[in-house]
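First comes the structure, then the notes that go with it.
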Amino acid sequence: MTAALLGVVRERTPLVHCVTNLVATTLSANVLLAVGASPAMVEDREEAAELAAVAGALVVNTGTMTPERADGMRAAANAALDVGTPWLLDPVGVGPLALRTRVAGELLRLGPAVVRGNASEILALAGHDGGGRGVDATDSVDDAAAAADELARRYGTVVAVSGVVDRLTDGATVRHVRGGHAVMGRMTATGCALGAVTGAFLAAARGTGDDSLTAAVAAHAVVGATGAAAGASAAGPGTFVPAWLDALAATDGRNADALVDGG
Ligand SMILES: Nc1ncnc2c1ncn2[C@@H]1O[C@H](COP(=O)(O)OP(=O)(O)OP(=O)(O)O)[C@@H](O)[C@H]1O
Ligand SMILES: Cc1ncsc1CCO
Ligand SMILES: [Mg+2]
């Protein structure tokens with residue numbers, strides 16, 4: 001399943017429109033290229049409709065929020081909705097910071113296909129008291145399970161919570177994805193890059209008829225498998241990045257389904 005969708009990404013090289021943060025931009029773009037997609041890191045609201053017309057998916061990430069970037073996010077999400085382009089919301093830092101919490105709530109109500117975040121962000125987005133202080137999680141994936149299910153059902157979306165074991169749900173079905181490596185929590189923007197890869201798989205799934213949960217699970221499995229391999233070979237966070245990009249570029253995805261559990 002994962003190998004087939006990865007093959008579609010490589011065959012179609014979908015354009016993934018990213019309105020992302022200042023920290024994550026280059027890593028996300030390189031990860032998209034390594035996986036076989038085509039990144040466009042564009043945040044201005046005036047350019048949103050032009051990109052929506054040609055993009056296979058949109059990724060909106062609230063990591064470095066400003067009022068101008070918030071306008072770009074709203075415009076991009078609305079433009080994607082107008083033309084039926086699937087989009088993903090990564091609510092980075094939601095909870096302790098008021099502007100992005102408000103904007104992420106607005107974006108959530110527009111109906112993303114997937115919401116992807118760490119446990120503290122998902123708890124906060126669901127209106128629970130998470131322990132988040134900044135952009136890193138202080139809650140476990142299990143702590144956020146009920147909040148994720150609730151969000152998925154209330155907004156008709158897929159909710160993917162990352163951590164030691166990632167948990168994804170559409171409100172009815174739950175999938176766990178193992179893999180990854182502890183070093184991924186010791187460097188920045190791996191979760192943001194995971195969101196970008198999920199965008200590439202959402203774009204691929206438009207052609208295959210796979211649902212958003214299937215696409216998101218496949219993306220997490222590819223990141224889990226390549227992250228585990230790169231983490232095992234790297235000396236630390238510095239050498240992890242090139243090893244990960246090489247692993248993403250080299251994988252055919254065939255070892256990834258073994259990381260996925262049903263319940
Ligand atoms: N201890 C760990 N063991 C295995 N994989 C991990 C671990 N910590 C994080 N990961 C993996 O790293 C990726 C990013 O997850 P994380 O929860 O750190 O995202 P995040 O907090 O949103 O990151 P960021 O905001 O810095 O981009 C996921 O693929 C996750 O599975
Ligand atoms: C470190 C950091 N600060 C704002 S966004 C970001 C990247 C991880 O989410
Ligand atoms: Mg994050």
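Letters for chains follow the order of the structure tokens (A, B, ...), residue numbers begin at 1 for each chain, and ligand numbers begin at 1 in the order shown.
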Requested in this report: Give the residue list for ligand 3 at 8 Å, counting only C-alpha atoms and all ligand atoms, as a PyMOL selection string, sorted by chain and then by residue number.
Outcome: chain A and resi 63+90-93+116-118+121+135-136+189-192
Query - Contact residues around A:Arg69 with only C-alpha atoms at 12 Å, ignoring same-chain residues under 3 positions, as a PyMOL selection string - result: chain A and resi 18-22+42-46+48+60-66+72-76+99-100+103
Now that the selection is made, can you save its residues with N, CA and C atoms as a PDB file, in the first residue's frame?
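Okay, this is what ended up in part-v3.pdb:
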```pdb
ATOM      1  N   CYS A  18       3.243  24.921   0.348  1.00  0.00           N
ATOM      2  CA  CYS A  18       3.470  24.993   1.790  1.00  0.00           C
ATOM      3  C   CYS A  18       3.451  26.440   2.252  1.00  0.00           C
ATOM      4  N   VAL A  19       2.544  26.743   3.171  1.00  0.00           N
ATOM      5  CA  VAL A  19       2.619  28.003   3.918  1.00  0.00           C
ATOM      6  C   VAL A  19       3.162  27.572   5.268  1.00  0.00           C
ATOM      7  N   THR A  20       4.474  27.568   5.398  1.00  0.00           N
ATOM      8  CA  THR A  20       5.050  26.978   6.603  1.00  0.00           C
ATOM      9  C   THR A  20       5.872  28.000   7.364  1.00  0.00           C
ATOM     10  N   ASN A  21       6.683  27.541   8.290  1.00  0.00           N
ATOM     11  CA  ASN A  21       7.369  28.489   9.174  1.00  0.00           C
ATOM     12  C   ASN A  21       8.813  28.708   8.765  1.00  0.00           C
ATOM     13  N   LEU A  22       9.402  29.751   9.299  1.00  0.00           N
ATOM     14  CA  LEU A  22      10.760  30.170   8.926  1.00  0.00           C
ATOM     15  C   LEU A  22      11.803  29.122   9.258  1.00  0.00           C
ATOM     16  N   VAL A  42       5.324  29.170  -0.449  1.00  0.00           N
ATOM     17  CA  VAL A  42       4.747  30.459  -0.840  1.00  0.00           C
ATOM     18  C   VAL A  42       3.730  30.869   0.214  1.00  0.00           C
ATOM     19  N   GLU A  43       3.873  32.067   0.766  1.00  0.00           N
ATOM     20  CA  GLU A  43       2.994  32.418   1.884  1.00  0.00           C
ATOM     21  C   GLU A  43       2.123  33.641   1.636  1.00  0.00           C
ATOM     22  N   ASP A  44       2.351  34.355   0.560  1.00  0.00           N
ATOM     23  CA  ASP A  44       1.582  35.586   0.387  1.00  0.00           C
ATOM     24  C   ASP A  44       0.158  35.306  -0.071  1.00  0.00           C
ATOM     25  N   ARG A  45      -0.773  36.084   0.472  1.00  0.00           N
ATOM     26  CA  ARG A  45      -2.182  35.813   0.140  1.00  0.00           C
ATOM     27  C   ARG A  45      -2.492  36.109  -1.318  1.00  0.00           C
ATOM     28  N   GLU A  46      -1.763  37.065  -1.914  1.00  0.00           N
ATOM     29  CA  GLU A  46      -2.045  37.401  -3.321  1.00  0.00           C
ATOM     30  C   GLU A  46      -1.681  36.277  -4.279  1.00  0.00           C
ATOM     31  N   ALA A  48      -2.035  33.019  -3.475  1.00  0.00           N
ATOM     32  CA  ALA A  48      -2.683  31.781  -3.026  1.00  0.00           C
ATOM     33  C   ALA A  48      -3.536  31.129  -4.114  1.00  0.00           C
ATOM     34  N   VAL A  60      -0.501  23.868   5.652  1.00  0.00           N
ATOM     35  CA  VAL A  60      -0.512  25.122   6.408  1.00  0.00           C
ATOM     36  C   VAL A  60       0.057  24.849   7.794  1.00  0.00           C
ATOM     37  N   ASN A  61       1.113  25.556   8.153  1.00  0.00           N
ATOM     38  CA  ASN A  61       1.853  25.309   9.394  1.00  0.00           C
ATOM     39  C   ASN A  61       1.998  26.631  10.140  1.00  0.00           C
ATOM     40  N   THR A  62       1.571  26.653  11.412  1.00  0.00           N
ATOM     41  CA  THR A  62       1.479  27.913  12.163  1.00  0.00           C
ATOM     42  C   THR A  62       2.738  28.249  12.976  1.00  0.00           C
ATOM     43  N   GLY A  63       3.875  27.630  12.626  1.00  0.00           N
ATOM     44  CA  GLY A  63       5.068  27.720  13.480  1.00  0.00           C
ATOM     45  C   GLY A  63       5.637  29.099  13.746  1.00  0.00           C
ATOM     46  N   THR A  64       5.683  29.960  12.747  1.00  0.00           N
ATOM     47  CA  THR A  64       6.139  31.344  12.996  1.00  0.00           C
ATOM     48  C   THR A  64       5.053  32.279  12.473  1.00  0.00           C
ATOM     49  N   MET A  65       4.143  32.578  13.360  1.00  0.00           N
ATOM     50  CA  MET A  65       2.918  33.297  12.993  1.00  0.00           C
ATOM     51  C   MET A  65       3.126  34.809  13.017  1.00  0.00           C
ATOM     52  N   THR A  66       2.558  35.466  12.007  1.00  0.00           N
ATOM     53  CA  THR A  66       2.398  36.923  12.011  1.00  0.00           C
ATOM     54  C   THR A  66       1.001  37.193  11.445  1.00  0.00           C
ATOM     55  N   GLY A  72      -2.192  34.963   4.712  1.00  0.00           N
ATOM     56  CA  GLY A  72      -1.761  34.030   3.664  1.00  0.00           C
ATOM     57  C   GLY A  72      -2.335  32.644   3.893  1.00  0.00           C
ATOM     58  N   MET A  73      -2.394  32.223   5.154  1.00  0.00           N
ATOM     59  CA  MET A  73      -2.944  30.894   5.487  1.00  0.00           C
ATOM     60  C   MET A  73      -4.432  30.820   5.180  1.00  0.00           C
ATOM     61  N   ARG A  74      -5.160  31.857   5.591  1.00  0.00           N
ATOM     62  CA  ARG A  74      -6.614  31.879   5.320  1.00  0.00           C
ATOM     63  C   ARG A  74      -6.864  31.857   3.816  1.00  0.00           C
ATOM     64  N   ALA A  75      -6.109  32.689   3.086  1.00  0.00           N
ATOM     65  CA  ALA A  75      -6.296  32.767   1.629  1.00  0.00           C
ATOM     66  C   ALA A  75      -5.961  31.432   0.978  1.00  0.00           C
ATOM     67  N   ALA A  76      -4.883  30.802   1.414  1.00  0.00           N
ATOM     68  CA  ALA A  76      -4.468  29.530   0.810  1.00  0.00           C
ATOM     69  C   ALA A  76      -5.506  28.445   1.094  1.00  0.00           C
ATOM     70  N   LEU A  99      -2.354  34.271  19.354  1.00  0.00           N
ATOM     71  CA  LEU A  99      -2.661  34.571  17.944  1.00  0.00           C
ATOM     72  C   LEU A  99      -2.800  33.293  17.127  1.00  0.00           C
ATOM     73  N   ARG A 100      -1.802  32.410  17.247  1.00  0.00           N
ATOM     74  CA  ARG A 100      -1.853  31.194  16.423  1.00  0.00           C
ATOM     75  C   ARG A 100      -2.962  30.241  16.888  1.00  0.00           C
ATOM     76  N   VAL A 103      -6.037  31.613  15.182  1.00  0.00           N
ATOM     77  CA  VAL A 103      -5.991  31.394  13.727  1.00  0.00           C
ATOM     78  C   VAL A 103      -6.153  29.903  13.416  1.00  0.00           C
TER      79      VAL A 103
END
```
Report task. Name the residues in contact with stretch 176-183 of chain A at a cut-off of 9 Å, using only C-alpha atoms, excluding same-chain residues fewer than 5 positions from it; report them as an MDAnalysis selection string. Result -> chainID A and resid 163:169 217 220:221 223:232 236:237 240 256:263
Write the residues of the preceding selection, restricted to N, CA and C atoms, as a compact mmCIF listing (two decimals), in the first residue's frame.
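Just written: again-v9.txt:
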```txt
# COMPACT_ATOMS: atom_id res chain seq x y z
N GLY A 163 4.90 11.24 17.86
CA GLY A 163 5.64 11.02 19.11
C GLY A 163 6.47 9.77 18.95
N VAL A 164 6.74 9.09 20.05
CA VAL A 164 7.55 7.87 19.97
C VAL A 164 6.86 6.87 19.03
N VAL A 165 5.55 6.67 19.22
CA VAL A 165 4.73 5.93 18.26
C VAL A 165 3.64 6.88 17.79
N ASP A 166 3.53 7.08 16.49
CA ASP A 166 2.52 8.01 15.95
C ASP A 166 1.15 7.34 15.99
N ARG A 167 0.10 8.14 16.22
CA ARG A 167 -1.26 7.60 16.25
C ARG A 167 -2.12 8.42 15.30
N LEU A 168 -2.81 7.74 14.40
CA LEU A 168 -3.65 8.43 13.42
C LEU A 168 -5.07 7.89 13.50
N THR A 169 -6.05 8.79 13.35
CA THR A 169 -7.45 8.35 13.38
C THR A 169 -8.30 9.23 12.49
N VAL A 217 -1.31 7.62 6.79
CA VAL A 217 -0.60 6.47 7.38
C VAL A 217 0.62 6.13 6.51
N HIS A 220 3.37 8.63 7.12
CA HIS A 220 4.01 8.41 8.43
C HIS A 220 4.89 7.16 8.40
N ALA A 221 4.46 6.14 7.67
CA ALA A 221 5.25 4.90 7.59
C ALA A 221 6.56 5.13 6.85
N VAL A 223 8.16 8.02 6.63
CA VAL A 223 9.00 8.81 7.53
C VAL A 223 9.51 7.94 8.68
N GLY A 224 8.66 7.06 9.19
CA GLY A 224 9.08 6.17 10.28
C GLY A 224 10.21 5.26 9.87
N ALA A 225 10.09 4.66 8.69
CA ALA A 225 11.11 3.71 8.23
C ALA A 225 12.41 4.42 7.89
N THR A 226 12.33 5.52 7.17
CA THR A 226 13.56 6.22 6.78
C THR A 226 14.19 6.93 7.97
N GLY A 227 13.36 7.43 8.88
CA GLY A 227 13.88 8.08 10.09
C GLY A 227 14.61 7.09 10.97
N ALA A 228 14.06 5.87 11.08
CA ALA A 228 14.72 4.83 11.89
C ALA A 228 16.07 4.47 11.29
N ALA A 229 16.12 4.28 9.98
CA ALA A 229 17.38 3.90 9.33
C ALA A 229 18.41 5.02 9.44
N ALA A 230 17.98 6.24 9.19
CA ALA A 230 18.92 7.37 9.24
C ALA A 230 19.40 7.60 10.67
N GLY A 231 18.49 7.46 11.63
CA GLY A 231 18.86 7.66 13.03
C GLY A 231 19.88 6.63 13.50
N ALA A 232 19.73 5.41 13.00
CA ALA A 232 20.66 4.34 13.40
C ALA A 232 22.05 4.57 12.81
N GLY A 236 24.54 11.80 15.24
CA GLY A 236 23.76 12.72 16.08
C GLY A 236 22.87 13.56 15.19
N PRO A 237 22.28 14.64 15.75
CA PRO A 237 21.32 15.44 14.98
C PRO A 237 21.92 16.08 13.73
N PHE A 240 22.15 13.43 11.08
CA PHE A 240 20.84 12.82 10.80
C PHE A 240 20.22 13.38 9.52
N ALA A 256 7.97 -0.28 4.76
CA ALA A 256 7.26 0.65 5.65
C ALA A 256 5.98 0.08 6.25
N ASP A 257 5.25 -0.75 5.51
CA ASP A 257 3.96 -1.25 6.02
C ASP A 257 4.13 -2.08 7.29
N ALA A 258 5.30 -2.67 7.46
CA ALA A 258 5.55 -3.48 8.66
C ALA A 258 5.52 -2.65 9.94
N LEU A 259 5.61 -1.34 9.81
CA LEU A 259 5.60 -0.45 10.99
C LEU A 259 4.19 -0.06 11.42
N VAL A 260 3.18 -0.44 10.61
CA VAL A 260 1.81 0.00 10.86
C VAL A 260 1.01 -1.07 11.60
N ASP A 261 0.36 -0.69 12.71
CA ASP A 261 -0.52 -1.59 13.47
C ASP A 261 -1.95 -1.09 13.36
N GLY A 262 -2.88 -1.99 13.58
CA GLY A 262 -4.29 -1.62 13.47
C GLY A 262 -4.88 -0.94 14.70
N GLY A 263 -4.57 -1.35 15.90
CA GLY A 263 -5.43 -0.89 16.97
C GLY A 263 -4.85 -0.15 18.09
```
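One distance worth recording is that between atom CA of A:Gly36 and atom 8 (N, counted along the ligand's line) of ligand 1, which is 23.9 Å.
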Requested in this report: Using DSSP on the backbone coordinates, identify the residues of stretch 12-242 of chain A assigned to strand (DSSP E); present them as a PyMOL selection string.
Outcome: chain A and resi 15-19+38-41+57-61+87-90+114-118+158-162+166-169+174-177
**Report entry** Distance query A:Ala215 at most 8 Å, only C-alpha atoms, self and fewer than 5 positions along chain excluded, as an MDAnalysis selection string
**Finding:** chainID A and resid 5 198 201:202 204:205 210
Residues near A:Ile122, anyone? I mean within 7 Å using only C-alpha atoms, not counting same-chain ones fewer than 6 positions away, as a JSON list (two decimals) with C-alpha atoms, in the first residue's frame.
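New file selection.json:
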```json
[["chain", "number", "residue", "atom", "x", "y", "z"],
["A", 144, "ALA", "CA", -3.91, 13.12, 23.39],
["A", 147, "ALA", "CA", -8.74, 14.71, 22.12],
["A", 148, "ALA", "CA", -7.63, 13.42, 18.70]]
```
Query raised in the report: If you measure from atom CA of A:Trp244 to atom CA of A:Ser38, what distance in Å do you get, rounded to one decimal?
Result: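 Atom CA of A:Trp244 sits 17.6 Å away from atom CA of A:Ser38.
Of the residues listed (A:Ala145, A:Ala250, A:Val159, A:Ala203), A:Val159 shows the shortest atom-to-atom separation from A:Pro112; distances use only C-alpha atoms.
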**Report entry** Picked from stretch 51-255 of chain A by DSSP as alpha helix (DSSP H), as a VMD selection string
**Finding:** chain A and resid 51 to 54 67 to 83 98 to 110 119 to 125 145 to 155 190 to 208 212 to 233 237 to 250
For C-alpha atoms, I'd like the residues from the last selection saved as a short mmCIF file (atom, residue, chain, number, x, y, z; two decimals), in the first residue's frame.
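Final output, result37.cif:
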```
data_model
loop_
_atom_site.label_atom_id
_atom_site.label_comp_id
_atom_site.auth_asym_id
_atom_site.auth_seq_id
_atom_site.Cartn_x
_atom_site.Cartn_y
_atom_site.Cartn_z
CA LEU A 51 -0.97 28.16 -6.62
CA ALA A 52 -4.22 26.45 -5.64
CA ALA A 53 -4.99 26.07 -9.34
CA VAL A 54 -1.87 23.94 -9.92
CA PRO A 67 -0.84 38.69 11.06
CA GLU A 68 0.38 38.79 7.42
CA ARG A 69 1.19 35.09 7.39
CA ALA A 70 -2.21 34.39 8.99
CA ASP A 71 -3.83 36.18 6.02
CA GLY A 72 -1.76 34.03 3.66
CA MET A 73 -2.94 30.89 5.49
CA ARG A 74 -6.61 31.88 5.32
CA ALA A 75 -6.30 32.77 1.63
CA ALA A 76 -4.47 29.53 0.81
CA ALA A 77 -6.98 27.35 2.69
CA ASN A 78 -9.96 29.09 1.08
CA ALA A 79 -8.38 28.88 -2.39
CA ALA A 80 -7.70 25.16 -1.90
CA LEU A 81 -11.30 24.61 -0.78
CA ASP A 82 -12.60 26.50 -3.83
CA VAL A 83 -10.89 24.08 -6.22
CA ALA A 98 -2.91 33.33 21.55
CA LEU A 99 -2.66 34.57 17.94
CA ARG A 100 -1.85 31.19 16.42
CA THR A 101 -4.37 29.44 18.68
CA ARG A 102 -7.11 31.70 17.37
CA VAL A 103 -5.99 31.39 13.73
CA ALA A 104 -5.62 27.59 13.95
CA GLY A 105 -9.18 27.39 15.34
CA GLU A 106 -10.45 29.38 12.35
CA LEU A 107 -8.53 27.18 9.93
CA LEU A 108 -9.80 24.01 11.59
CA ARG A 109 -13.38 25.16 11.01
CA LEU A 110 -12.62 25.46 7.27
CA ALA A 119 0.34 15.66 21.51
CA SER A 120 0.36 19.04 23.26
CA GLU A 121 -0.80 20.83 20.10
CA ILE A 122 -3.65 18.37 19.49
CA LEU A 123 -4.80 18.64 23.11
CA ALA A 124 -4.79 22.44 22.88
CA LEU A 125 -6.58 22.48 19.52
CA ALA A 145 -5.83 10.05 22.12
CA ALA A 146 -9.28 11.14 23.32
CA ALA A 147 -8.74 14.71 22.12
CA ALA A 148 -7.63 13.42 18.70
CA ASP A 149 -10.71 11.19 18.37
CA GLU A 150 -12.96 14.06 19.41
CA LEU A 151 -11.41 16.47 16.86
CA ALA A 152 -11.59 13.89 14.09
CA ARG A 153 -15.31 13.28 14.71
CA ARG A 154 -16.26 16.89 15.30
CA TYR A 155 -14.54 18.24 12.18
CA THR A 190 11.08 16.90 11.65
CA GLY A 191 7.36 17.06 12.49
CA CYS A 192 6.89 19.94 10.05
CA ALA A 193 8.65 17.87 7.36
CA LEU A 194 6.36 14.94 8.22
CA GLY A 195 3.41 17.27 7.56
CA ALA A 196 4.89 18.21 4.18
CA VAL A 197 5.34 14.53 3.23
CA THR A 198 1.74 13.89 4.28
CA GLY A 199 0.74 16.66 1.85
CA ALA A 200 2.58 14.83 -0.97
CA PHE A 201 0.70 11.60 -0.15
CA LEU A 202 -2.66 13.41 0.00
CA ALA A 203 -1.92 14.69 -3.50
CA ALA A 204 -1.04 11.18 -4.72
CA ALA A 205 -4.22 9.73 -3.19
CA ARG A 206 -6.38 12.00 -5.36
CA GLY A 207 -5.44 9.82 -8.30
CA THR A 208 -5.81 6.44 -6.60
CA SER A 212 -6.98 10.64 3.66
CA LEU A 213 -6.30 8.20 6.54
CA THR A 214 -4.62 5.74 4.16
CA ALA A 215 -2.54 8.53 2.62
CA ALA A 216 -1.51 9.93 6.02
CA VAL A 217 -0.60 6.47 7.38
CA ALA A 218 1.56 5.81 4.30
CA ALA A 219 3.38 9.11 4.74
CA HIS A 220 4.01 8.41 8.43
CA ALA A 221 5.25 4.90 7.59
CA VAL A 222 7.75 6.24 5.03
CA VAL A 223 9.00 8.81 7.53
CA GLY A 224 9.08 6.17 10.28
CA ALA A 225 11.11 3.71 8.23
CA THR A 226 13.56 6.22 6.78
CA GLY A 227 13.88 8.08 10.09
CA ALA A 228 14.72 4.83 11.89
CA ALA A 229 17.38 3.90 9.33
CA ALA A 230 18.92 7.37 9.24
CA GLY A 231 18.86 7.66 13.03
CA ALA A 232 20.66 4.34 13.40
CA SER A 233 23.44 5.37 11.00
CA PRO A 237 21.32 15.44 14.98
CA GLY A 238 23.83 17.04 12.59
CA THR A 239 24.46 13.97 10.48
CA PHE A 240 20.84 12.82 10.80
CA VAL A 241 19.58 15.31 8.22
CA PRO A 242 21.76 14.25 5.26
CA ALA A 243 21.28 10.58 6.17
CA TRP A 244 17.50 11.08 6.27
CA LEU A 245 17.38 12.89 2.92
CA ASP A 246 19.45 10.09 1.36
CA ALA A 247 17.19 7.42 2.92
CA LEU A 248 14.04 9.18 1.64
CA ALA A 249 15.49 9.45 -1.85
CA ALA A 250 16.55 5.78 -1.87
#
```
Query raised in the report: Quick one: of A:Val161, A:Leu27, A:Ala126, A:Val114, who's nearest to ligand 2, counting only C-alpha atoms and all ligand atoms?
Result: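 Result for the nearest residue to ligand 2: A:Leu27.
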Query raised in the report: If we count only C-alpha atoms, what is near A:Thr13 at a cut-off of 7 Å, once residues fewer than 2 positions away on the same chain are taken out, given as a list in words?
Result: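 Non-adjacent residues within range: Val9, Arg10, Glu11, Leu15, Gly36, Ala37 and Ser38 of chain A.
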Requested in this report: Find, counting only C-alpha atoms and all ligand atoms, the residue in A:Thr157, A:Thr188, A:Asn255, A:Ser28 that gets nearest to ligand 2.
Outcome: A:Thr188
